[in-house]
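Participant: Please see the structure below; I have some questions.
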Amino acid sequence: MNLSRRGVLAAGGALGALAATGSAPAAASAASVRDRGRPRVRTGFDRLAADGYRLLRGRRVGIVTNLTGVTADVRHIVDVMHEDARVELTAVFGPEHGFRGTAQAGGSEGRYDDPATGLPVYDTYLKSGQDLADIFTASGVDTVLFDIQDAGARFYTYIWTLYDCMEAAALAGKRLVVLDRPNPVTGRAALGPVLDPAFATFVGRREIAQAHGMTVAELALLFNAEFLHENPVRLEVVTMSGWRRSDFFDATGLPWVPPSPNMPTPETALVYSGTCLFEGTNLSEGRGTTRPFELLGAEGIDRHWAEAANALRLPGVAFREAYFAPTFSKFQGKTVGGVQVHVQDREVFDPVRTGIGLLVTAKRTWSGFAWRPDNWIDKLTGNTRVRTMIDAGADTDAVVDAWRADLTAFRAKRRRYLRYGG
């Protein structure tokens, strides 16, 4: 690891040696009963504020955040810090969907002054390298905070906003502080294929697993040591307290704020790292419905897909024949057939294997199945193997087995940067 001495807050820094500590199934159970009365998780921001913002003393601060940057009583942390004389907050940097979250997928809010605080809001979406470094320089900040709720999947772009900000902060000579939040689908295991660098895009910059099983602070430590080691940023992370690796989001006691318009609930995040693969096909991934990524379908699909998917007997999940009419995106205003994904036991549910099983059975049962013409599926999976193996008739187990060696190697690397037990 090539981290500066000021690097890991949990290992000693302005807040001292902050040890991170601390699942519940979808329905009430013995596990959820045991968790009753547990203190809620305290986020990185909670701990920073409780320490009187000592880490920011004497600094001109800018923050990369969005609508998920809230306190337990759902006040936005930008509003909280702006009102606190102990913090010199001078700029906000908005990611995809924007700072206040008004933009749809693939959009942002642009440059404007925030009406609530008067702070300048800079647009970081699709900006990286020296272009982003120049924005940090122009803003006049010397410390960049990062606080955004992640969804646990490699192709959820906020973690690559983090990566780009780390790289740009290093170029601009700025310090970067990551305020940690929970991985909503637990941090127990990494799942799925590991990105081949030849397929690097904004839905996957570097070689991590499709479901990474890490928090944003843990990812920052990994990025800095493994991928940015030639010019590492001056990185500090503020860990959570009370979070356990086995915790699903509903065990945290924290409010869920949709981190993007099509991530309305923690249940969406639970399936997302698998069913988002349908963005790479001509099927609807449920955008334009109230259950995005849980409803999947297209014109001409009938009950046979649900029957074939259920015949796979994938752990912890069942599939219901479903019909729906998206209000926007694919098949807008048309009634389509397909499946609804029902997670019945999230402790054993594997979202990535489930996504592969659904792709395999969709292709076998619907003659209209097609990949997106630009082979976007290769960007989402981080390789050509998933697409080419399914086209060649491989079954679910064969496709999953193809990434086993790469995943084993990533899991070993990932272990060095984990900061929570349980």
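Note on naming: chains are A, B, ... as they come in the structure tokens, residues start from 1 per chain, ligands start from 1 in the order shown.
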Applying 8 Å and only C-alpha atoms, which residues near Tyr53 in chain A remain after dropping the ones on its own chain fewer than 5 positions away? List them as a PyMOL selection string.

Facilitator: chain A and resi 48+86-87

Participant: Among range 191-227 of chain A, which residues carry a DSSP assignment of strand (DSSP E), reported as a list in words?

Facilitator: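 Result set for range 191-227 of chain A (strand (DSSP E)): Leu191, Gly192, Pro193, Val194, Ala209, Gln210 and Ala211 of chain A.
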
Participant: Can you tell me which residues surround Ala198 in chain A at a distance of at most 10 Å, considering only C-alpha atoms, apart from same-chain residues fewer than 5 positions away, and format the answer as a CSV table (one decimal) with N, CA, C and O atoms, in the first residue's frame?

Facilitator:
```csv
chain,number,residue,atom,x,y,z
A,205,ARG,N,-14.5,1.8,-14.3
A,205,ARG,CA,-13.2,2.4,-14.7
A,205,ARG,C,-12.1,1.3,-14.5
A,205,ARG,O,-11.1,1.3,-15.3
A,206,ARG,N,-12.2,0.5,-13.4
A,206,ARG,CA,-11.1,-0.3,-13.0
A,206,ARG,C,-11.5,-1.7,-12.6
A,206,ARG,O,-12.7,-2.0,-12.6
A,379,LYS,N,-19.8,-3.7,-21.7
A,379,LYS,CA,-19.4,-2.6,-20.8
A,379,LYS,C,-19.9,-2.9,-19.4
A,379,LYS,O,-19.2,-2.7,-18.4
A,382,GLY,N,-18.1,-6.1,-18.2
A,382,GLY,CA,-16.6,-5.9,-18.2
A,382,GLY,C,-15.9,-6.8,-19.0
A,382,GLY,O,-14.6,-7.0,-18.8
A,383,ASN,N,-16.5,-7.5,-19.9
A,383,ASN,CA,-15.9,-8.5,-20.8
A,383,ASN,C,-16.8,-8.9,-21.9
A,383,ASN,O,-18.0,-8.6,-21.9
```

Participant: How would you write, as a ChimeraX atom specification, the set of residues in range 93-262 of chain A that DSSP gives as alpha helix (DSSP H)?

Facilitator: /A:129-139,158-172,216-222

Participant: Name the closest residue to Arg40 in chain A among the candidates A:Thr252, A:Asn66, A:Asn231, A:Thr289; distances are taken between atoms, counting only C-alpha atoms.

Facilitator: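 Closest to Arg40 in chain A of all the choices is A:Thr252.
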
Participant: Using only C-alpha atoms, find the one residue out of A:Tyr122, A:Ala190, A:Gly107, A:Arg175 that sits nearest to Thr408 in chain A.

Facilitator: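 So, comparing all the options, the nearest one is A:Ala190.
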
Participant: Using only C-alpha atoms, which of A:Gly58, A:Pro259, A:Gly421, A:Gly300 sits nearest Ser367 in chain A?

Facilitator: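 Closest candidate: A:Gly300.
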
Participant: Mind checking which residues fall within 6 Å of Ala153 in chain A, counting only C-alpha atoms, ignoring those fewer than 2 positions away in the same chain, and posting them as a ChimeraX atom specification?

Facilitator: /A:151,155-156,210-211,273

Participant: Save out the residues we just selected, C-alpha atoms, as a PDB file, in the first residue's frame.

Facilitator:
```pdb
ATOM      1  CA  ALA A 151     -25.779   0.907  -4.333  1.00  0.00           C
ATOM      2  CA  PHE A 155     -21.775   0.062 -12.849  1.00  0.00           C
ATOM      3  CA  TYR A 156     -23.395   2.482 -10.392  1.00  0.00           C
ATOM      4  CA  GLN A 210     -19.610  -6.510 -10.542  1.00  0.00           C
ATOM      5  CA  ALA A 211     -20.976  -6.555  -6.970  1.00  0.00           C
ATOM      6  CA  SER A 273     -26.195  -5.652  -9.642  1.00  0.00           C
TER       7      SER A 273
END
```

Participant: With only C-alpha atoms as the basis for distance, which of A:Leu119, A:Leu222, A:Leu418, A:Ala322 is at the shortest distance from Glu83 in chain A?

Facilitator: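 Between A:Leu119, A:Leu222, A:Leu418, A:Ala322, the residue approaching Glu83 in chain A most closely is A:Leu119.
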
Participant: Which polymer residues have any atom within 12 Å of an atom of Arg411 in chain A, counting only C-alpha atoms, with same-chain residues fewer than 6 positions away left out, as a list of chain:residue names?

Facilitator: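 Surrounding residues, per the criterion: A:Gly187, A:Arg188, A:Ala189, A:Ala190, A:Leu191, A:Gly192, A:Pro193, A:Val194, A:Glu207, A:Ile208, A:Ala209, A:Gln210, A:Ala211, A:His212, A:Gly213, A:Met214, A:Leu222, A:Arg404, A:Ala405, A:Tyr417, A:Leu418.
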
Participant: Looking at A:Arg38, A:Lys127, A:Arg154, A:His97, which one is nearest to Glu109 in chain A, with distances taken over only C-alpha atoms?

Facilitator: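 So, comparing all the options, the nearest one is A:His97.
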
Participant: Using only C-alpha atoms, which protein or nucleic acid residues come within 9 Å of Thr186 in chain A? Drop anything in the same chain fewer than 4 positions from it, and give the result as a ChimeraX atom specification.

Facilitator: /A:23,152,182,213-215,244-249

Participant: Find, counting only C-alpha atoms, the residue in A:Leu179, A:Pro261, A:Ala225, A:Ala306 that gets nearest to Gly106 in chain A.

Facilitator: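 With only C-alpha atoms as the atom set, the closest residue is A:Pro261.
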
Participant: Enter the distance from CA of Tyr272 in chain A to CA of Val341 in chain A, in Å, rounded to one decimal.

Facilitator: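 Answer for the CA of Tyr272 in chain A to CA of Val341 in chain A separation: 10.8 Å.
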
Participant: Give me the residues near Phe136 in chain A as a PDB file with all heavy atoms, in the first residue's frame, where near means some atom within 9 Å (using only C-alpha atoms) and where sequence neighbours in that chain fewer than 2 positions away do not count.

Facilitator:
```pdb
ATOM      1  N   GLY A  62     -14.840  22.002  -0.148  1.00  0.00           N
ATOM      2  CA  GLY A  62     -15.847  21.726  -1.160  1.00  0.00           C
ATOM      3  C   GLY A  62     -16.327  20.302  -0.976  1.00  0.00           C
ATOM      4  O   GLY A  62     -15.567  19.448  -0.501  1.00  0.00           O
ATOM      5  N   PHE A  93     -19.978  20.082  -5.460  1.00  0.00           N
ATOM      6  CA  PHE A  93     -19.705  19.450  -6.751  1.00  0.00           C
ATOM      7  C   PHE A  93     -20.763  18.375  -6.984  1.00  0.00           C
ATOM      8  O   PHE A  93     -20.878  17.425  -6.203  1.00  0.00           O
ATOM      9  CB  PHE A  93     -18.304  18.843  -6.771  1.00  0.00           C
ATOM     10  CG  PHE A  93     -17.223  19.838  -6.421  1.00  0.00           C
ATOM     11  CD1 PHE A  93     -16.679  19.863  -5.147  1.00  0.00           C
ATOM     12  CD2 PHE A  93     -16.775  20.754  -7.361  1.00  0.00           C
ATOM     13  CE1 PHE A  93     -15.690  20.780  -4.808  1.00  0.00           C
ATOM     14  CE2 PHE A  93     -15.790  21.686  -7.031  1.00  0.00           C
ATOM     15  CZ  PHE A  93     -15.251  21.704  -5.764  1.00  0.00           C
ATOM     16  N   LEU A 132     -11.286  17.980 -14.546  1.00  0.00           N
ATOM     17  CA  LEU A 132     -11.880  18.014 -13.209  1.00  0.00           C
ATOM     18  C   LEU A 132     -10.936  18.687 -12.219  1.00  0.00           C
ATOM     19  O   LEU A 132     -11.379  19.439 -11.327  1.00  0.00           O
ATOM     20  CB  LEU A 132     -12.229  16.598 -12.748  1.00  0.00           C
ATOM     21  CG  LEU A 132     -12.954  16.446 -11.414  1.00  0.00           C
ATOM     22  CD1 LEU A 132     -14.216  17.310 -11.354  1.00  0.00           C
ATOM     23  CD2 LEU A 132     -13.301  14.977 -11.158  1.00  0.00           C
ATOM     24  N   ALA A 133      -9.642  18.453 -12.366  1.00  0.00           N
ATOM     25  CA  ALA A 133      -8.661  19.125 -11.503  1.00  0.00           C
ATOM     26  C   ALA A 133      -8.773  20.642 -11.651  1.00  0.00           C
ATOM     27  O   ALA A 133      -8.681  21.385 -10.655  1.00  0.00           O
ATOM     28  CB  ALA A 133      -7.251  18.661 -11.851  1.00  0.00           C
ATOM     29  N   ASP A 134      -9.002  21.109 -12.867  1.00  0.00           N
ATOM     30  CA  ASP A 134      -9.144  22.547 -13.097  1.00  0.00           C
ATOM     31  C   ASP A 134     -10.384  23.105 -12.398  1.00  0.00           C
ATOM     32  O   ASP A 134     -10.383  24.248 -11.921  1.00  0.00           O
ATOM     33  CB  ASP A 134      -9.225  22.835 -14.597  1.00  0.00           C
ATOM     34  CG  ASP A 134      -7.895  22.603 -15.315  1.00  0.00           C
ATOM     35  OD1 ASP A 134      -6.859  22.512 -14.631  1.00  0.00           O
ATOM     36  OD2 ASP A 134      -7.917  22.496 -16.556  1.00  0.00           O
ATOM     37  N   ALA A 138     -10.267  26.038  -9.724  1.00  0.00           N
ATOM     38  CA  ALA A 138     -11.064  27.254  -9.913  1.00  0.00           C
ATOM     39  C   ALA A 138     -11.996  27.522  -8.736  1.00  0.00           C
ATOM     40  O   ALA A 138     -12.297  28.675  -8.418  1.00  0.00           O
ATOM     41  CB  ALA A 138     -11.875  27.142 -11.206  1.00  0.00           C
ATOM     42  N   SER A 139     -12.435  26.462  -8.057  1.00  0.00           N
ATOM     43  CA  SER A 139     -13.352  26.629  -6.918  1.00  0.00           C
ATOM     44  C   SER A 139     -12.672  27.242  -5.706  1.00  0.00           C
ATOM     45  O   SER A 139     -13.350  27.758  -4.801  1.00  0.00           O
ATOM     46  CB  SER A 139     -13.944  25.272  -6.526  1.00  0.00           C
ATOM     47  OG  SER A 139     -12.979  24.463  -5.869  1.00  0.00           O
ATOM     48  N   GLY A 140     -11.342  27.149  -5.646  1.00  0.00           N
ATOM     49  CA  GLY A 140     -10.596  27.725  -4.531  1.00  0.00           C
ATOM     50  C   GLY A 140     -10.556  26.872  -3.275  1.00  0.00           C
ATOM     51  O   GLY A 140     -10.059  27.329  -2.241  1.00  0.00           O
ATOM     52  N   VAL A 141     -11.042  25.623  -3.330  1.00  0.00           N
ATOM     53  CA  VAL A 141     -11.027  24.777  -2.144  1.00  0.00           C
ATOM     54  C   VAL A 141      -9.653  24.148  -1.974  1.00  0.00           C
ATOM     55  O   VAL A 141      -8.889  24.027  -2.929  1.00  0.00           O
ATOM     56  CB  VAL A 141     -12.109  23.669  -2.221  1.00  0.00           C
ATOM     57  CG1 VAL A 141     -13.490  24.278  -2.461  1.00  0.00           C
ATOM     58  CG2 VAL A 141     -11.781  22.631  -3.286  1.00  0.00           C
ATOM     59  N   ASP A 142      -9.335  23.749  -0.746  1.00  0.00           N
ATOM     60  CA  ASP A 142      -8.118  22.963  -0.538  1.00  0.00           C
ATOM     61  C   ASP A 142      -8.421  21.560  -0.038  1.00  0.00           C
ATOM     62  O   ASP A 142      -7.554  20.689  -0.044  1.00  0.00           O
ATOM     63  CB  ASP A 142      -7.144  23.675   0.401  1.00  0.00           C
ATOM     64  CG  ASP A 142      -7.773  24.064   1.725  1.00  0.00           C
ATOM     65  OD1 ASP A 142      -8.332  23.193   2.412  1.00  0.00           O
ATOM     66  OD2 ASP A 142      -7.706  25.262   2.069  1.00  0.00           O
ATOM     67  N   VAL A 144     -11.428  18.459  -0.431  1.00  0.00           N
ATOM     68  CA  VAL A 144     -12.634  17.965  -1.091  1.00  0.00           C
ATOM     69  C   VAL A 144     -13.223  16.839  -0.244  1.00  0.00           C
ATOM     70  O   VAL A 144     -12.542  15.841   0.028  1.00  0.00           O
ATOM     71  CB  VAL A 144     -12.326  17.450  -2.511  1.00  0.00           C
ATOM     72  CG1 VAL A 144     -13.592  16.885  -3.165  1.00  0.00           C
ATOM     73  CG2 VAL A 144     -11.719  18.547  -3.373  1.00  0.00           C
ATOM     74  N   ALA A 168      -8.269  13.570  -9.783  1.00  0.00           N
ATOM     75  CA  ALA A 168      -8.212  15.010 -10.054  1.00  0.00           C
ATOM     76  C   ALA A 168      -7.693  15.783  -8.848  1.00  0.00           C
ATOM     77  O   ALA A 168      -6.939  16.757  -9.002  1.00  0.00           O
ATOM     78  CB  ALA A 168      -9.598  15.513 -10.435  1.00  0.00           C
ATOM     79  N   ALA A 169      -8.083  15.376  -7.643  1.00  0.00           N
ATOM     80  CA  ALA A 169      -7.596  16.055  -6.439  1.00  0.00           C
ATOM     81  C   ALA A 169      -6.090  15.916  -6.311  1.00  0.00           C
ATOM     82  O   ALA A 169      -5.391  16.860  -5.897  1.00  0.00           O
ATOM     83  CB  ALA A 169      -8.294  15.502  -5.203  1.00  0.00           C
ATOM     84  N   ALA A 172      -4.535  18.317  -8.703  1.00  0.00           N
ATOM     85  CA  ALA A 172      -4.704  19.710  -8.271  1.00  0.00           C
ATOM     86  C   ALA A 172      -4.042  19.996  -6.930  1.00  0.00           C
ATOM     87  O   ALA A 172      -4.081  21.141  -6.448  1.00  0.00           O
ATOM     88  CB  ALA A 172      -6.197  20.042  -8.193  1.00  0.00           C
ATOM     89  N   LYS A 174      -4.957  18.796  -3.959  1.00  0.00           N
ATOM     90  CA  LYS A 174      -5.979  18.926  -2.915  1.00  0.00           C
ATOM     91  C   LYS A 174      -6.014  17.669  -2.053  1.00  0.00           C
ATOM     92  O   LYS A 174      -5.676  16.575  -2.500  1.00  0.00           O
ATOM     93  CB  LYS A 174      -7.368  19.143  -3.516  1.00  0.00           C
ATOM     94  CG  LYS A 174      -7.450  20.211  -4.602  1.00  0.00           C
ATOM     95  CD  LYS A 174      -7.074  21.596  -4.095  1.00  0.00           C
ATOM     96  CE  LYS A 174      -7.237  22.628  -5.199  1.00  0.00           C
ATOM     97  NZ  LYS A 174      -6.775  23.980  -4.772  1.00  0.00           N
TER      98      LYS A 174
END
```
